[in-house]
Amino acid sequence: MIAIIDYGIGNLKSVHNAVRYIAPKTPSKISSDPDFIRKADKVIFPGQGAMPDCIKELDKRGIRDVVIESAKKKPFLGICLGLQLLFNESEEGGVNGFGLFKGKIKKFKPSNQMRIKIPHMGWNKVQQTKNHPMWRKINSGSSFYFVHSFYAAGVESDFVAGTTNHGEEFTCAIAKDNIFAAQFHPEKSSELGLQLLDNFISWKV
Amino acid sequence: MTVAKRIIPCLDVNDGRVVKGINFVELKDAGDPVEIAKSYNEQGADELTFLDITASSDGRGLLFDIIEKVANQIFIPLTVGGGVRNCEDIRNLLNSGADKVGINTSAILNPNFVSESSSRFGSQAIVVAIDAKKVDDHYEVFTHGGRNATGIDAIMWAKKMADYGAGELLITSMDRDGTKSGFDNNLMKSISNSVDIPIIASGGVGTLKHLVDGVKDGEADAVLAASIFHYGEYSIQEAKNYMHEHGIEMRL
């Protein structure tokens with residue numbers, strides 16, 4: 001059973017649609033029920049928008065602890081803000097994330113050398129920086145769909161699974177033990193995005 | 001290397017049927033939005049935009065069914081525009097599976113609608129569509145397919161909408177729309193250079209070179225086109241290859 005964490009933010013339905021499409025026989029459910037999340041074999045943690053809002057919504061539903069607990073022991077896939085929340089500090093301020101990774105969530109800044117648009121929106125190439133079961137059947141340099149204005153900076157190199165360039169190189173995928181998280185949206189990245197979700201479904205930690 | 005420029009085919013939907021782009025010979029049901037969406041996805045479309053031109057309120061419900069069906073099978077970003085009036089409309093579209101909604105006239109009637117909806121749904125979900133026309137030496141925002149002047153300067157409006165939380169802007173030149181004479185790249189460039197958010201160029205594409213010009217001269221982040229793809233003149237893949245050959249970063 002796969003739990004897709006519902007905290008009232010982001011397009012959860014597209015994640016659920018994609019999971020059901022690739023694995024119609026794998027039970028999955030969008031849920032904010034702590035008991036269900038605790039019992040699930042795997043957890044997908046999507047998210048969009050601002051970090052302070054997300055933390056507030058998680059707490060409103062009383063599920064912050066169970067999400068952190070899941071991230072510590074079962075296959076856990078963070079998507080977009082679901083990656084950013086795994087860090088502690090953010091430039092968005094006011095709140096701390098889960099502190100499971102060292103680093104800081106920063107905002108893209110336009111520079112004089114190279115003009116960039118913010119949000120970083122569209123398809124960009126992901127360079128894989130380590131072998132990982134989640135990259136099965138996906139070539140390094142493949143394109144995935146991004147939409148975000150913040151990114152994780154200062155990630156410990158052991159845990160960087162992929163990088164992308166938007167004005168500068170940044171970490172777009174992280175992996176540690178049972179956790180894999182992507183800044184891009186696999187559920188919106190066509191065939192290769194589906195492949196990544198399929199890899200999550202078959203991932204044995 | 002940086003983010004790829006996007007090609008976005010636009011499908012006009014009326015009463016649940018695609019009304020342009022019915023010349024795909026390989027389709028079993030040429031007006032079926034799902035079949036067309038699938039075909040575009042296979043050709044490598046980077047996103048899809050549905051423009052609802054349904055006039056009747058009865059027909060409007062059909063749009064939600066369509067979006068839901070497409071979103072169940074096609075896993076690329078979907079934008080839906082046309083008749084989006086309030087947060088309820090946006091919520092229904094997002095719940096049906098849309099990733100972004102296009103807001104046009106409602107933003108002009110009430111600019112705060114843009115800030116409200118972007119803080120509620122996230123700016124990534126809000127595309128503000130601007131229809132602009134050249135008036136004397138400047139560009140002005142028009143509504144109702146270019147019939148109604150608003151008196152608002154298009155570049156000022158674009159900046160304002162970016163400040164109000166739009167995630168991107170869809171800029172249509174009403175002078176060029178339907179002419180196949182190319183984008184109004186002066187308009188595109190002026191807006192692209194005035195805001196930090198991405199802009200989508202629209203209106204006037206007749207050749208593949210026009211797509212290249214939109215990116216190089218108009219400095220657009222994405223190009224939207226309807227008829228050149230719908231009537232099978234070019235496939236999306238041909239367009240992407242052409243743009244790539246002309247030095248533009250594309251997802252191939």
# chains A, B, ... in the order shown; residues from 1 in each chain; ligands from 1

call {"tool": "interface_residues", "arguments": {"of": "chain B", "to": "chain A", "cutoff": "6 Å", "atoms": "only C-alpha atoms", "output": "PyMOL selection string"}}
result
chain B and resi 2-4+72+75-77+122+196-198

call {"tool": "residues_around", "arguments": {"residues": "Val84 of chain B", "least_positions_apart": "5", "cutoff": "9 Å", "atoms": "only C-alpha atoms", "output": "list of chain:residue names"}}
result
B:Asp89, B:Ile90, B:Val101, B:Gly102, B:Ile103, B:Asn104, B:Thr105, B:Ser106

call {"tool": "closest_residue", "arguments": {"among": "B:Thr54, B:Asn241, B:Ser173, B:Ser117", "to": "Ala129 of chain B", "atoms": "only C-alpha atoms"}}
result
B:Ser173

call {"tool": "select_by_dssp", "arguments": {"residues": "chain A", "states": "helix (DSSP H, G or I)", "output": "count of residues only"}}
result
63

call {"tool": "residues_around", "arguments": {"residues": "Arg61 of chain A", "least_positions_apart": "6", "cutoff": "9 Å", "atoms": "only C-alpha atoms", "output": "PyMOL selection string"}}
result
chain A and resi 7+32-34

call {"tool": "closest_residue", "arguments": {"among": "B:Cys87, B:Leu48, B:Val70, B:Ile8", "to": "Asp32 of chain B", "atoms": "only C-alpha atoms"}}
result
B:Val70

call {"tool": "closest_residue", "arguments": {"among": "A:Leu85, A:Leu196, A:Ala153, A:Ala181", "to": "Leu58 of chain A", "atoms": "only C-alpha atoms"}}
result
A:Leu85

call {"tool": "residues_around", "arguments": {"residues": "segment 220-226 of chain B", "least_positions_apart": "4", "cutoff": "10 Å", "atoms": "only C-alpha atoms", "output": "JSON, numbers by chain"}}
result
{"A": [117, 121, 122], "B": [3, 4, 5, 6, 7, 8, 9, 10, 11, 12, 20, 21, 46, 47, 48, 49, 168, 169, 170, 171, 172, 178, 183, 185, 188, 189, 191, 192, 193, 197, 198, 199, 200, 201, 202, 203, 204, 205, 206, 210, 211, 212, 213, 214, 215, 216, 230, 231]}

call {"tool": "residues_around", "arguments": {"residues": "Cys172 of chain A", "least_positions_apart": "5", "cutoff": "9 Å", "atoms": "only C-alpha atoms", "output": "PDB file with C-alpha atoms, in the first residue's frame"}}
result
ATOM      1  CA  CYS A  80       9.158  19.300  -5.316  1.00  0.00           C
ATOM      2  CA  LEU A  83      12.213  17.564  -1.228  1.00  0.00           C
ATOM      3  CA  VAL A 126      19.043  15.953 -14.998  1.00  0.00           C
ATOM      4  CA  TYR A 151      16.153  24.940  -4.452  1.00  0.00           C
ATOM      5  CA  ALA A 152      18.341  23.030  -1.998  1.00  0.00           C
ATOM      6  CA  VAL A 160      23.263  14.333  -4.125  1.00  0.00           C
ATOM      7  CA  ALA A 161      21.622  12.004  -6.668  1.00  0.00           C
ATOM      8  CA  GLY A 162      21.165  14.473  -9.518  1.00  0.00           C
ATOM      9  CA  THR A 163      21.906  18.011 -10.621  1.00  0.00           C
ATOM     10  CA  THR A 164      20.401  20.460 -13.083  1.00  0.00           C
ATOM     11  CA  ALA A 181      13.470  13.119  -3.380  1.00  0.00           C
ATOM     12  CA  ALA A 182      13.229  15.075  -6.608  1.00  0.00           C
ATOM     13  CA  GLN A 183      12.790  18.765  -7.216  1.00  0.00           C
ATOM     14  CA  PHE A 184      11.171  17.987 -10.584  1.00  0.00           C
TER      15      PHE A 184
END

call {"tool": "atom_distance", "arguments": {"atom1": "atom CA of Ser202 of chain A", "atom2": "atom CA of Gly97 of chain B"}}
result
25.6 Å

call {"tool": "select_by_dssp", "arguments": {"residues": "segment 63-153 of chain A", "states": "strand (DSSP E)", "output": "number ranges by chain"}}
result
A: 76-79, 87-90, 101-107, 120-128, 142-148, 150-153

call {"tool": "atom_distance", "arguments": {"atom1": "atom CA of Asp198 of chain A", "atom2": "atom CA of Pro24 of chain A"}}
result
11.1 Å

call {"tool": "atom_distance", "arguments": {"atom1": "atom CA of Gly247 of chain B", "atom2": "atom CA of Gln43 of chain B"}}
result
20.2 Å
